[in-house]
$ cat data_8.pdb   # PDB, C-alpha atoms, pLDDT in the B column
ATOM      1  CA  MET S   1       2.233  30.586  -1.632  1.00 83.00           C
ATOM      2  CA  ILE S   2      -0.051  32.042  -4.303  1.00 84.00           C
ATOM      3  CA  ILE S   3      -0.448  30.580  -7.772  1.00 84.00           C
ATOM      4  CA  THR S   4      -2.566  31.977 -10.568  1.00 84.00           C
ATOM      5  CA  ILE S   5      -4.949  29.664 -12.371  1.00 80.00           C
ATOM      6  CA  LYS S   6      -7.311  31.114 -15.006  1.00 77.00           C
ATOM      7  CA  GLN S   7      -6.566  34.648 -13.762  1.00 80.00           C
ATOM      8  CA  VAL S   8      -7.526  33.731 -10.217  1.00 82.00           C
ATOM      9  CA  ASP S   9      -5.027  33.874  -7.341  1.00 85.00           C
ATOM     10  CA  ILE S  10      -5.151  30.579  -5.457  1.00 86.00           C
ATOM     11  CA  LYS S  11      -3.585  29.921  -2.074  1.00 88.00           C
ATOM     12  CA  VAL S  12      -1.564  26.701  -1.972  1.00 88.00           C
ATOM     13  CA  ASN S  13       1.011  25.089   0.323  1.00 91.00           C
ATOM     14  CA  ASP S  14       4.608  24.165  -0.597  1.00 90.00           C
ATOM     15  CA  GLU S  15       3.453  20.961  -2.275  1.00 89.00           C
ATOM     16  CA  GLY S  16       0.800  22.726  -4.342  1.00 89.00           C
ATOM     17  CA  TYR S  17      -2.268  21.665  -2.334  1.00 93.00           C
ATOM     18  CA  LEU S  18      -5.033  24.256  -1.955  1.00 92.00           C
ATOM     19  CA  THR S  19      -5.132  25.662   1.564  1.00 91.00           C
ATOM     20  CA  ASP S  20      -8.580  27.246   1.176  1.00 89.00           C
ATOM     21  CA  PHE S  21     -11.145  24.829  -0.244  1.00 91.00           C
ATOM     22  CA  SER S  22     -13.633  27.656  -0.813  1.00 90.00           C
ATOM     23  CA  GLN S  23     -11.413  28.758  -3.704  1.00 90.00           C
ATOM     24  CA  TRP S  24     -11.857  25.417  -5.489  1.00 92.00           C
ATOM     25  CA  THR S  25     -13.830  25.211  -8.707  1.00 92.00           C
ATOM     26  CA  LYS S  26     -14.088  22.515 -11.357  1.00 93.00           C
ATOM     27  CA  GLU S  27     -11.958  24.650 -13.703  1.00 91.00           C
ATOM     28  CA  ILE S  28      -9.197  24.822 -11.111  1.00 91.00           C
ATOM     29  CA  GLY S  29      -9.437  21.060 -10.587  1.00 93.00           C
ATOM     30  CA  GLU S  30      -9.123  20.605 -14.318  1.00 93.00           C
ATOM     31  CA  GLU S  31      -5.971  22.755 -14.484  1.00 91.00           C
ATOM     32  CA  LEU S  32      -4.399  20.943 -11.519  1.00 92.00           C
ATOM     33  CA  ALA S  33      -5.162  17.658 -13.299  1.00 94.00           C
ATOM     34  CA  LYS S  34      -3.439  18.870 -16.469  1.00 93.00           C
ATOM     35  CA  GLU S  35      -0.310  19.660 -14.455  1.00 90.00           C
ATOM     36  CA  ASN S  36      -0.308  15.977 -13.518  1.00 90.00           C
ATOM     37  CA  ASP S  37      -0.916  14.927 -17.150  1.00 92.00           C
ATOM     38  CA  ILE S  38      -4.456  13.818 -16.411  1.00 94.00           C
ATOM     39  CA  GLU S  39      -7.364  14.491 -18.749  1.00 94.00           C
ATOM     40  CA  MET S  40     -10.487  14.491 -16.571  1.00 95.00           C
ATOM     41  CA  THR S  41     -13.414  12.186 -17.450  1.00 95.00           C
ATOM     42  CA  ASP S  42     -16.787  11.656 -15.761  1.00 95.00           C
ATOM     43  CA  LYS S  43     -15.286   8.795 -13.746  1.00 95.00           C
ATOM     44  CA  HIS S  44     -12.465  11.074 -12.543  1.00 96.00           C
ATOM     45  CA  TRP S  45     -15.025  13.644 -11.361  1.00 96.00           C
ATOM     46  CA  GLU S  46     -17.074  10.983  -9.631  1.00 95.00           C
ATOM     47  CA  VAL S  47     -13.998  10.033  -7.583  1.00 96.00           C
ATOM     48  CA  ILE S  48     -13.136  13.676  -6.887  1.00 96.00           C
ATOM     49  CA  SER S  49     -16.668  14.349  -5.572  1.00 95.00           C
ATOM     50  CA  TRP S  50     -16.483  11.280  -3.359  1.00 96.00           C
ATOM     51  CA  ILE S  51     -13.131  12.439  -1.944  1.00 95.00           C
ATOM     52  CA  GLN S  52     -14.514  15.901  -1.249  1.00 96.00           C
ATOM     53  CA  GLU S  53     -17.531  14.378   0.530  1.00 95.00           C
ATOM     54  CA  GLN S  54     -15.263  12.240   2.707  1.00 93.00           C
ATOM     55  CA  VAL S  55     -13.136  15.215   3.691  1.00 94.00           C
ATOM     56  CA  ALA S  56     -16.220  17.347   4.380  1.00 93.00           C
ATOM     57  CA  ALA S  57     -17.502  14.569   6.653  1.00 94.00           C
ATOM     58  CA  ASN S  58     -14.107  14.431   8.416  1.00 91.00           C
ATOM     59  CA  LYS S  59     -13.504  10.859   7.336  1.00 89.00           C
ATOM     60  CA  PRO S  60      -9.839   9.898   6.829  1.00 88.00           C
ATOM     61  CA  LEU S  61      -8.823   8.862   3.319  1.00 92.00           C
ATOM     62  CA  SER S  62      -6.935   5.638   2.732  1.00 91.00           C
ATOM     63  CA  ILE S  63      -6.444   3.104  -0.012  1.00 92.00           C
ATOM     64  CA  ARG S  64      -8.582   0.671   2.010  1.00 91.00           C
ATOM     65  CA  GLY S  65     -11.294   3.319   2.056  1.00 90.00           C
ATOM     66  CA  ILE S  66     -11.152   3.486  -1.735  1.00 92.00           C
ATOM     67  CA  LYS S  67     -11.701  -0.258  -1.868  1.00 89.00           C
ATOM     68  CA  LYS S  68     -14.837   0.096   0.254  1.00 89.00           C
ATOM     69  CA  SER S  69     -16.053   3.286  -1.432  1.00 90.00           C
ATOM     70  CA  GLY S  70     -18.309   1.604  -3.974  1.00 91.00           C
ATOM     71  CA  VAL S  71     -17.318   4.364  -6.414  1.00 92.00           C
ATOM     72  CA  ILE S  72     -14.152   2.829  -7.809  1.00 94.00           C
ATOM     73  CA  ASP S  73     -11.889  -0.169  -7.239  1.00 94.00           C
ATOM     74  CA  ILE S  74      -8.191   0.088  -6.448  1.00 95.00           C
ATOM     75  CA  LYS S  75      -6.966  -1.036  -9.885  1.00 95.00           C
ATOM     76  CA  GLN S  76      -9.080   1.575 -11.633  1.00 95.00           C
ATOM     77  CA  PHE S  77      -8.037   4.210  -9.107  1.00 96.00           C
ATOM     78  CA  TYR S  78      -4.357   3.627  -9.923  1.00 95.00           C
ATOM     79  CA  ALA S  79      -5.141   3.675 -13.629  1.00 95.00           C
ATOM     80  CA  LEU S  80      -7.056   6.974 -13.464  1.00 96.00           C
ATOM     81  CA  PHE S  81      -4.584   8.812 -11.238  1.00 95.00           C
ATOM     82  CA  PRO S  82      -1.116   7.469 -12.045  1.00 92.00           C
ATOM     83  CA  GLY S  83       1.901   8.374  -9.932  1.00 88.00           C
ATOM     84  CA  GLY S  84       0.402   8.005  -6.446  1.00 92.00           C
ATOM     85  CA  PRO S  85      -3.383   8.091  -6.784  1.00 94.00           C
ATOM     86  CA  LEU S  86      -4.391   9.439  -3.361  1.00 94.00           C
ATOM     87  CA  LYS S  87      -1.775  12.190  -3.515  1.00 93.00           C
ATOM     88  CA  VAL S  88      -2.759  13.222  -7.029  1.00 95.00           C
ATOM     89  CA  SER S  89      -6.540  12.966  -6.611  1.00 96.00           C
ATOM     90  CA  THR S  90      -6.601  14.965  -3.374  1.00 95.00           C
ATOM     91  CA  LYS S  91      -4.569  17.707  -5.018  1.00 95.00           C
ATOM     92  CA  ILE S  92      -7.074  17.902  -7.873  1.00 96.00           C
ATOM     93  CA  ALA S  93      -9.948  17.833  -5.364  1.00 95.00           C
ATOM     94  CA  GLY S  94      -8.511  20.849  -3.543  1.00 94.00           C
ATOM     95  CA  VAL S  95      -8.326  19.024  -0.195  1.00 95.00           C
ATOM     96  CA  PRO S  96      -5.296  18.394   2.051  1.00 93.00           C
ATOM     97  CA  LYS S  97      -2.870  15.588   1.254  1.00 92.00           C
ATOM     98  CA  PRO S  98      -3.887  12.541   3.359  1.00 90.00           C
ATOM     99  CA  LYS S  99      -1.665  11.798   6.329  1.00 85.00           C
ATOM    100  CA  SER S 100      -2.467   8.068   6.374  1.00 76.00           C
ATOM    101  CA  CYS S 101       0.291   5.457   5.895  1.00 75.00           C
ATOM    102  CA  ILE S 102      -2.080   2.868   4.484  1.00 78.00           C
TER     103      ILE S 102
ATOM    104  CA  MET Z   1       4.140   9.606 -13.058  1.00 45.00           C
ATOM    105  CA  GLY Z   2       7.750   8.591 -12.540  1.00 53.00           C
ATOM    106  CA  LYS Z   3       8.651  11.844 -10.840  1.00 75.00           C
ATOM    107  CA  THR Z   4      10.349  10.229  -7.858  1.00 84.00           C
ATOM    108  CA  LYS Z   5      14.117   9.620  -7.892  1.00 90.00           C
ATOM    109  CA  VAL Z   6      13.567   6.186  -6.339  1.00 92.00           C
ATOM    110  CA  ARG Z   7      11.855   4.190  -9.072  1.00 94.00           C
ATOM    111  CA  LYS Z   8      11.466   0.754  -7.589  1.00 96.00           C
ATOM    112  CA  MET Z   9      11.443  -0.835  -4.108  1.00 96.00           C
ATOM    113  CA  LEU Z  10      12.033  -4.574  -3.828  1.00 97.00           C
ATOM    114  CA  PHE Z  11      11.351  -6.314  -0.536  1.00 97.00           C
ATOM    115  CA  ILE Z  12      12.525  -9.752   0.564  1.00 97.00           C
ATOM    116  CA  LEU Z  13      10.301 -11.027   3.349  1.00 97.00           C
ATOM    117  CA  SER Z  14      11.900 -13.935   5.228  1.00 97.00           C
ATOM    118  CA  LYS Z  15       9.886 -13.908   8.444  1.00 94.00           C
ATOM    119  CA  ALA Z  16       6.308 -14.698   9.372  1.00 92.00           C
ATOM    120  CA  THR Z  17       5.818 -12.729  12.568  1.00 92.00           C
ATOM    121  CA  ILE Z  18       3.058 -10.160  12.239  1.00 92.00           C
ATOM    122  CA  GLU Z  19       5.303  -7.158  12.829  1.00 90.00           C
ATOM    123  CA  ASN Z  20       7.666  -8.173  10.028  1.00 94.00           C
ATOM    124  CA  VAL Z  21       4.911  -9.050   7.580  1.00 95.00           C
ATOM    125  CA  TYR Z  22       3.138  -5.735   8.167  1.00 94.00           C
ATOM    126  CA  ALA Z  23       6.421  -3.828   7.888  1.00 94.00           C
ATOM    127  CA  ALA Z  24       6.920  -5.271   4.410  1.00 96.00           C
ATOM    128  CA  PHE Z  25       3.282  -4.739   3.388  1.00 96.00           C
ATOM    129  CA  ILE Z  26       3.058  -1.164   4.634  1.00 95.00           C
ATOM    130  CA  MET Z  27       6.311  -0.173   2.946  1.00 96.00           C
ATOM    131  CA  ALA Z  28       5.396  -1.920  -0.308  1.00 96.00           C
ATOM    132  CA  ASN Z  29       1.944  -0.324  -0.325  1.00 95.00           C
ATOM    133  CA  GLY Z  30       3.399   3.028   0.713  1.00 94.00           C
ATOM    134  CA  ALA Z  31       5.747   2.889  -2.263  1.00 95.00           C
ATOM    135  CA  ARG Z  32       2.854   2.340  -4.675  1.00 95.00           C
ATOM    136  CA  MET Z  33       0.984   5.238  -3.095  1.00 94.00           C
ATOM    137  CA  GLU Z  34       3.982   7.478  -3.810  1.00 93.00           C
ATOM    138  CA  GLY Z  35       4.095   6.365  -7.420  1.00 93.00           C
ATOM    139  CA  ILE Z  36       7.053   4.031  -6.848  1.00 95.00           C
ATOM    140  CA  GLU Z  37       7.036   0.492  -8.257  1.00 96.00           C
ATOM    141  CA  SER Z  38       7.147  -2.249  -5.627  1.00 97.00           C
ATOM    142  CA  GLU Z  39       7.542  -6.012  -5.446  1.00 97.00           C
ATOM    143  CA  ILE Z  40       7.815  -8.559  -2.617  1.00 98.00           C
ATOM    144  CA  PHE Z  41       9.803 -11.805  -2.737  1.00 97.00           C
ATOM    145  CA  PHE Z  42       8.558 -14.223  -0.090  1.00 97.00           C
ATOM    146  CA  THR Z  43      11.193 -16.633   1.138  1.00 96.00           C
ATOM    147  CA  PHE Z  44      11.680 -19.047   4.004  1.00 96.00           C
ATOM    148  CA  PHE Z  45       9.171 -18.321   6.812  1.00 96.00           C
ATOM    149  CA  GLY Z  46       7.925 -15.344   4.863  1.00 95.00           C
ATOM    150  CA  LEU Z  47       6.086 -17.903   2.711  1.00 96.00           C
ATOM    151  CA  GLU Z  48       3.574 -18.347   5.528  1.00 94.00           C
ATOM    152  CA  ALA Z  49       2.159 -14.941   4.637  1.00 95.00           C
ATOM    153  CA  ILE Z  50       1.087 -16.140   1.176  1.00 96.00           C
ATOM    154  CA  GLN Z  51      -0.125 -19.636   2.057  1.00 94.00           C
ATOM    155  CA  LYS Z  52      -3.910 -19.806   1.823  1.00 91.00           C
ATOM    156  CA  LYS Z  53      -4.185 -21.926   4.981  1.00 91.00           C
ATOM    157  CA  LYS Z  54      -1.744 -19.976   7.107  1.00 91.00           C
ATOM    158  CA  LEU Z  55      -1.916 -16.294   6.290  1.00 90.00           C
ATOM    159  CA  GLU Z  56      -4.714 -15.437   8.715  1.00 88.00           C
ATOM    160  CA  HIS Z  57      -2.946 -17.241  11.561  1.00 88.00           C
ATOM    161  CA  LEU Z  58       0.296 -15.276  11.770  1.00 89.00           C
ATOM    162  CA  ARG Z  59       1.436 -14.275  15.239  1.00 89.00           C
ATOM    163  CA  VAL Z  60       3.556 -11.829  17.086  1.00 87.00           C
ATOM    164  CA  ALA Z  61       6.625 -13.323  18.804  1.00 85.00           C
ATOM    165  CA  THR Z  62       6.453 -13.107  22.602  1.00 84.00           C
ATOM    166  CA  VAL Z  63       9.707 -14.970  23.262  1.00 83.00           C
ATOM    167  CA  GLY Z  64      13.063 -13.403  22.481  1.00 80.00           C
ATOM    168  CA  ASN Z  65      11.454 -10.035  21.877  1.00 80.00           C
ATOM    169  CA  PRO Z  66      12.518  -7.592  24.635  1.00 82.00           C
ATOM    170  CA  ALA Z  67      10.215  -4.879  23.291  1.00 82.00           C
ATOM    171  CA  MET Z  68       7.199  -6.972  24.328  1.00 81.00           C
ATOM    172  CA  HIS Z  69       8.179  -6.304  27.966  1.00 82.00           C
ATOM    173  CA  ILE Z  70       7.077  -9.785  28.956  1.00 80.00           C
ATOM    174  CA  PRO Z  71       9.602 -11.919  30.862  1.00 82.00           C
ATOM    175  CA  THR Z  72      10.913 -14.617  28.493  1.00 80.00           C
ATOM    176  CA  MET Z  73       9.629 -17.442  30.707  1.00 80.00           C
ATOM    177  CA  LEU Z  74       6.113 -16.012  30.754  1.00 82.00           C
ATOM    178  CA  GLY Z  75       6.209 -15.318  27.030  1.00 82.00           C
ATOM    179  CA  GLY Z  76       6.640 -19.047  26.480  1.00 83.00           C
ATOM    180  CA  LEU Z  77       3.524 -20.046  28.410  1.00 85.00           C
ATOM    181  CA  PRO Z  78       0.688 -21.606  26.407  1.00 85.00           C
ATOM    182  CA  GLY Z  79      -1.688 -19.005  25.001  1.00 86.00           C
ATOM    183  CA  MET Z  80       0.661 -16.043  25.441  1.00 86.00           C
ATOM    184  CA  GLU Z  81       1.365 -15.639  21.749  1.00 87.00           C
ATOM    185  CA  ALA Z  82      -2.295 -15.918  20.892  1.00 89.00           C
ATOM    186  CA  LEU Z  83      -3.216 -13.321  23.502  1.00 89.00           C
ATOM    187  CA  ALA Z  84      -0.531 -10.847  22.431  1.00 89.00           C
ATOM    188  CA  THR Z  85      -1.526 -11.370  18.797  1.00 90.00           C
ATOM    189  CA  LYS Z  86      -5.188 -10.754  19.563  1.00 90.00           C
ATOM    190  CA  MET Z  87      -4.339  -7.525  21.365  1.00 88.00           C
ATOM    191  CA  MET Z  88      -2.121  -6.333  18.565  1.00 88.00           C
ATOM    192  CA  LYS Z  89      -4.723  -7.123  15.899  1.00 89.00           C
ATOM    193  CA  LYS Z  90      -7.283  -5.129  17.863  1.00 91.00           C
ATOM    194  CA  GLU Z  91      -4.994  -2.089  17.893  1.00 89.00           C
ATOM    195  CA  MET Z  92      -4.347  -2.522  14.173  1.00 88.00           C
ATOM    196  CA  GLU Z  93      -8.049  -2.642  13.380  1.00 87.00           C
ATOM    197  CA  LYS Z  94      -8.493   0.638  15.278  1.00 87.00           C
ATOM    198  CA  LEU Z  95      -6.022   2.225  12.868  1.00 86.00           C
ATOM    199  CA  ASP Z  96      -7.937   0.716   9.941  1.00 85.00           C
ATOM    200  CA  MET Z  97      -5.076  -1.616   9.069  1.00 89.00           C
ATOM    201  CA  PRO Z  98      -6.435  -4.434   6.907  1.00 91.00           C
ATOM    202  CA  PRO Z  99      -6.001  -8.098   7.867  1.00 92.00           C
ATOM    203  CA  VAL Z 100      -3.257 -10.010   6.017  1.00 93.00           C
ATOM    204  CA  GLY Z 101      -5.515 -11.496   3.323  1.00 94.00           C
ATOM    205  CA  GLU Z 102      -7.179  -8.197   2.495  1.00 94.00           C
ATOM    206  CA  PHE Z 103      -3.833  -6.412   2.575  1.00 95.00           C
ATOM    207  CA  LEU Z 104      -2.468  -8.845  -0.021  1.00 96.00           C
ATOM    208  CA  GLU Z 105      -5.469  -8.110  -2.257  1.00 95.00           C
ATOM    209  CA  ILE Z 106      -4.891  -4.381  -1.862  1.00 95.00           C
ATOM    210  CA  LEU Z 107      -1.204  -4.798  -2.716  1.00 96.00           C
ATOM    211  CA  SER Z 108      -1.971  -6.862  -5.788  1.00 97.00           C
ATOM    212  CA  ASP Z 109      -4.689  -4.462  -6.982  1.00 96.00           C
ATOM    213  CA  SER Z 110      -2.267  -1.582  -6.420  1.00 95.00           C
ATOM    214  CA  GLY Z 111       0.211  -3.142  -8.830  1.00 96.00           C
ATOM    215  CA  CYS Z 112       2.644  -4.505  -6.251  1.00 97.00           C
ATOM    216  CA  ARG Z 113       4.021  -7.738  -7.724  1.00 97.00           C
ATOM    217  CA  LEU Z 114       4.288 -10.787  -5.469  1.00 97.00           C
ATOM    218  CA  TRP Z 115       6.786 -13.628  -5.940  1.00 98.00           C
ATOM    219  CA  ALA Z 116       7.540 -16.860  -4.062  1.00 97.00           C
ATOM    220  CA  CYS Z 117      11.095 -18.148  -3.613  1.00 96.00           C
ATOM    221  CA  LYS Z 118      11.651 -21.435  -5.461  1.00 95.00           C
ATOM    222  CA  LEU Z 119      14.203 -22.862  -3.042  1.00 95.00           C
ATOM    223  CA  ALA Z 120      12.000 -22.204  -0.004  1.00 96.00           C
ATOM    224  CA  VAL Z 121       8.887 -23.523  -1.769  1.00 96.00           C
ATOM    225  CA  ASP Z 122      10.766 -26.760  -2.545  1.00 95.00           C
ATOM    226  CA  MET Z 123      12.135 -26.965   0.966  1.00 95.00           C
ATOM    227  CA  PHE Z 124       8.708 -26.704   2.594  1.00 95.00           C
ATOM    228  CA  HIS Z 125       7.206 -29.073  -0.049  1.00 95.00           C
ATOM    229  CA  LEU Z 126       4.701 -26.482  -1.194  1.00 95.00           C
ATOM    230  CA  LYS Z 127       2.884 -26.276  -4.519  1.00 94.00           C
ATOM    231  CA  LYS Z 128       1.603 -23.271  -6.467  1.00 94.00           C
ATOM    232  CA  GLU Z 129      -1.926 -24.259  -5.339  1.00 94.00           C
ATOM    233  CA  ASP Z 130      -0.943 -23.785  -1.694  1.00 95.00           C
ATOM    234  CA  LEU Z 131      -0.212 -20.134  -2.410  1.00 96.00           C
ATOM    235  CA  ILE Z 132      -2.714 -17.340  -2.922  1.00 96.00           C
ATOM    236  CA  ASP Z 133      -3.702 -16.532  -6.513  1.00 95.00           C
ATOM    237  CA  GLU Z 134      -2.151 -13.072  -6.276  1.00 95.00           C
ATOM    238  CA  VAL Z 135       1.333 -14.642  -6.293  1.00 96.00           C
ATOM    239  CA  GLU Z 136       2.510 -14.214  -9.863  1.00 96.00           C
ATOM    240  CA  ASP Z 137       5.107 -16.958  -9.995  1.00 96.00           C
ATOM    241  CA  ILE Z 138       7.660 -19.061  -8.129  1.00 97.00           C
ATOM    242  CA  ILE Z 139      11.077 -17.699  -9.050  1.00 96.00           C
ATOM    243  CA  THR Z 140      14.764 -18.040  -8.110  1.00 96.00           C
ATOM    244  CA  ILE Z 141      16.820 -15.406  -6.356  1.00 94.00           C
ATOM    245  CA  GLY Z 142      18.618 -14.913  -9.671  1.00 95.00           C
ATOM    246  CA  ASP Z 143      15.315 -14.059 -11.346  1.00 95.00           C
ATOM    247  CA  PHE Z 144      14.626 -11.605  -8.537  1.00 95.00           C
ATOM    248  CA  TYR Z 145      18.031  -9.938  -8.936  1.00 94.00           C
ATOM    249  CA  ALA Z 146      17.263  -9.553 -12.616  1.00 95.00           C
ATOM    250  CA  ARG Z 147      14.137  -7.623 -11.601  1.00 95.00           C
ATOM    251  CA  ALA Z 148      16.372  -5.387  -9.470  1.00 93.00           C
ATOM    252  CA  ASP Z 149      18.812  -4.690 -12.270  1.00 93.00           C
ATOM    253  CA  GLN Z 150      17.688  -1.150 -13.026  1.00 91.00           C
ATOM    254  CA  GLU Z 151      18.774   2.286 -11.947  1.00 92.00           C
ATOM    255  CA  ASN Z 152      17.247   3.788  -8.807  1.00 94.00           C
ATOM    256  CA  THR Z 153      16.107   0.452  -7.421  1.00 95.00           C
ATOM    257  CA  HIS Z 154      16.381  -0.478  -3.750  1.00 95.00           C
ATOM    258  CA  LEU Z 155      16.404  -3.916  -2.180  1.00 95.00           C
ATOM    259  CA  LEU Z 156      15.344  -4.417   1.412  1.00 94.00           C
ATOM    260  CA  PHE Z 157      15.631  -7.612   3.472  1.00 96.00           C
ATOM    261  CA  ILE Z 158      13.075  -8.103   6.216  1.00 94.00           C
TER     262      ILE Z 158
END
$ encode --input "data_8.pdb" --output "structure tokens"
Amino acid sequence: MIITIKQVDIKVNDEGYLTDFSQWTKEIGEELAKENDIEMTDKHWEVISWIQEQVAANKPLSIRGIKKSGVIDIKQFYALFPGGPLKVSTKIAGVPKPKSCI
Amino acid sequence: MGKTKVRKMLFILSKATIENVYAAFIMANGARMEGIESEIFFTFFGLEAIQKKKLEHLRVATVGNPAMHIPTMLGGLPGMEALATKMMKKEMEKLDMPPVGEFLEILSDSGCRLWACKLAVDMFHLKKEDLIDEVEDIITIGDFYARADQENTHLLFI
């Protein structure tokens, strides 16, 4: 599927996750956040960068991992990305939706 | 936020074997991760999972559990439960599943609300101090039904 954000054609899957991370930019992240009613702050971006680093390093994402991240605690994570924080934050970060159950 | 058709999942945990406790925890946590509200009502033996002194000592049942593939008579031998539990915990750690105490913290931080059953608490002569701080209150089943009295809410007995 192709969606157009800021006049750029972006490849996404059925659930709206980017399938080609090289297409990701901060502007695209910002637009994806708006679709989820999230106004990005510095703290949001800090989390997004951390998520992207984890994925780049092939480390699985989980809520337990968030707890150990040192970047954010779980309560704050839920507050910043309401409606399923890992699902929402990974979409904004342009990385695949995590397959973990925990 | 609130995009799912299921809005709230309520779990009643009545057992203290590891597999049942983790089933409740994983589903309750999974609900929160999907943006669904979740709550757990601990009753009867389920109370062991929220007692400060007991929660890290839960075990898997080796007797009366055909899926363990251990003959019932052997399953009852001293040390069998402890051994099976140790092996299971090892496998869980490999999958990055948190221990019970940490899992309860994660659930609470994730906004999953935890309740203890009044009748069971009275029956086992427990006090609020015996339970972990994350437990919000000791309530009756009527109170819990009141929490379920909303559209798109599911109740699950474990």
$ interface_residues --input "data_8.pdb" --of "chain Z" --to "chain S" --cutoff "8 Å" --atoms "all atoms listed in the file" --output "list in words"
Met1, Gly2, Lys3, Ile26, Asn29, Gly30, Arg32, Met33, Glu34, Gly35, Ile36, Asp96, Met97, Pro98, Ile106, Asp109, Ser110 and Gly111 of chain Z
$ atom_distance --input "data_8.pdb" --atom1 "CA of Ile141 (chain Z)" --atom2 "CA of Pro99 (chain Z)"
27.9 Å
$ resolve_selection --input "data_8.pdb" --expression "the PyMOL selection byres ((chain S and resi 25) around 12)" --output "PDB file with C-alpha atoms, in the coordinates of the input"
ATOM      1  CA  ILE S   5      -4.949  29.664 -12.371  1.00 80.00           C
ATOM      2  CA  LYS S   6      -7.311  31.114 -15.006  1.00 77.00           C
ATOM      3  CA  VAL S   8      -7.526  33.731 -10.217  1.00 82.00           C
ATOM      4  CA  ILE S  10      -5.151  30.579  -5.457  1.00 86.00           C
ATOM      5  CA  LEU S  18      -5.033  24.256  -1.955  1.00 92.00           C
ATOM      6  CA  ASP S  20      -8.580  27.246   1.176  1.00 89.00           C
ATOM      7  CA  PHE S  21     -11.145  24.829  -0.244  1.00 91.00           C
ATOM      8  CA  SER S  22     -13.633  27.656  -0.813  1.00 90.00           C
ATOM      9  CA  GLN S  23     -11.413  28.758  -3.704  1.00 90.00           C
ATOM     10  CA  TRP S  24     -11.857  25.417  -5.489  1.00 92.00           C
ATOM     11  CA  LYS S  26     -14.088  22.515 -11.357  1.00 93.00           C
ATOM     12  CA  GLU S  27     -11.958  24.650 -13.703  1.00 91.00           C
ATOM     13  CA  ILE S  28      -9.197  24.822 -11.111  1.00 91.00           C
ATOM     14  CA  GLY S  29      -9.437  21.060 -10.587  1.00 93.00           C
ATOM     15  CA  GLU S  30      -9.123  20.605 -14.318  1.00 93.00           C
ATOM     16  CA  GLU S  31      -5.971  22.755 -14.484  1.00 91.00           C
ATOM     17  CA  LEU S  32      -4.399  20.943 -11.519  1.00 92.00           C
ATOM     18  CA  TRP S  45     -15.025  13.644 -11.361  1.00 96.00           C
ATOM     19  CA  ILE S  48     -13.136  13.676  -6.887  1.00 96.00           C
ATOM     20  CA  SER S  49     -16.668  14.349  -5.572  1.00 95.00           C
ATOM     21  CA  GLN S  52     -14.514  15.901  -1.249  1.00 96.00           C
ATOM     22  CA  ILE S  92      -7.074  17.902  -7.873  1.00 96.00           C
ATOM     23  CA  ALA S  93      -9.948  17.833  -5.364  1.00 95.00           C
ATOM     24  CA  GLY S  94      -8.511  20.849  -3.543  1.00 94.00           C
ATOM     25  CA  VAL S  95      -8.326  19.024  -0.195  1.00 95.00           C
TER      26      VAL S  95
END
$ closest_residue --input "data_8.pdb" --among "Z:Ala61, Z:Glu91, Z:Phe44, Z:Arg147" --to "Gly79 (chain Z)" --atoms "only C-alpha atoms"
Z:Ala61
$ residues_near_point --input "data_8.pdb" --point "(10.7, -23.1, 2.6)" --cutoff "9 Å" --atoms "only C-alpha atoms" --output "number ranges by chain"
Z: 43-47, 117-126
$ residues_around --input "data_8.pdb" --residues "Asn13 (chain S)" --least-positions-apart "2" --cutoff "10 Å" --atoms "only C-alpha atoms" --output "PyMOL selection string"
chain S and resi 1-3+11+15-20+96
$ axis_aligned_box --input "data_8.pdb" --around "region 19-32 of chain Z" --padding-each-side "4 Å" --output "JSON"
{"center_x": 4.8, "center_y": -3.0, "center_z": 4.1, "size_x": 13.7, "size_y": 20.1, "size_z": 25.5}
$ residues_around --input "data_8.pdb" --residues "Ile50 (chain Z)" --least-positions-apart "5" --cutoff "8 Å" --atoms "all atoms listed in the file" --output "PDB file with C-alpha atoms, in the coordinates of the input"
ATOM      1  CA  PHE Z  42       8.558 -14.223  -0.090  1.00 97.00           C
ATOM      2  CA  LEU Z  55      -1.916 -16.294   6.290  1.00 90.00           C
ATOM      3  CA  LEU Z 131      -0.212 -20.134  -2.410  1.00 96.00           C
ATOM      4  CA  ILE Z 132      -2.714 -17.340  -2.922  1.00 96.00           C
ATOM      5  CA  VAL Z 135       1.333 -14.642  -6.293  1.00 96.00           C
TER       6      VAL Z 135
END
$ atom_distance --input "data_8.pdb" --atom1 "CA of Asp42 (chain S)" --atom2 "CA of Ser69 (chain S)"
16.6 Å
$ closest_residue --input "data_8.pdb" --among "S:Asp9, S:Asp14, S:Ile72, S:Glu53" --to "Lys97 (chain S)" --atoms "only C-alpha atoms"
S:Asp14
$ atom_distance --input "data_8.pdb" --atom1 "CA of Leu155 (chain Z)" --atom2 "CA of Lys54 (chain Z)"
26.0 Å
$ residues_around --input "data_8.pdb" --residues "Met68 (chain Z)" --least-positions-apart "3" --cutoff "12 Å" --atoms "all atoms listed in the file" --output "number ranges by chain"
Z: 19, 60-65, 71-72, 74-75, 80-81, 84-85, 87-88
$ closest_residue --input "data_8.pdb" --among "Z:Ala146, Z:Leu58, Z:Ala67, Z:Met73" --to "Val21 (chain Z)" --atoms "all atoms listed in the file"
Z:Leu58
$ closest_residue --input "data_8.pdb" --among "Z:Gln51, Z:Trp115, Z:Leu107, Z:Met92" --to "Met27 (chain Z)" --atoms "only C-alpha atoms"
Z:Leu107
$ closest_residue --input "data_8.pdb" --among "Z:Lys5, Z:Ala16, Z:Glu93, Z:Cys112" --to "His57 (chain Z)" --atoms "all atoms listed in the file"
Z:Ala16
$ closest_residue --input "data_8.pdb" --among "Z:Lys128, Z:Ser38, Z:Glu48, Z:Ala23" --to "Arg7 (chain Z)" --atoms "all atoms listed in the file"
Z:Ser38
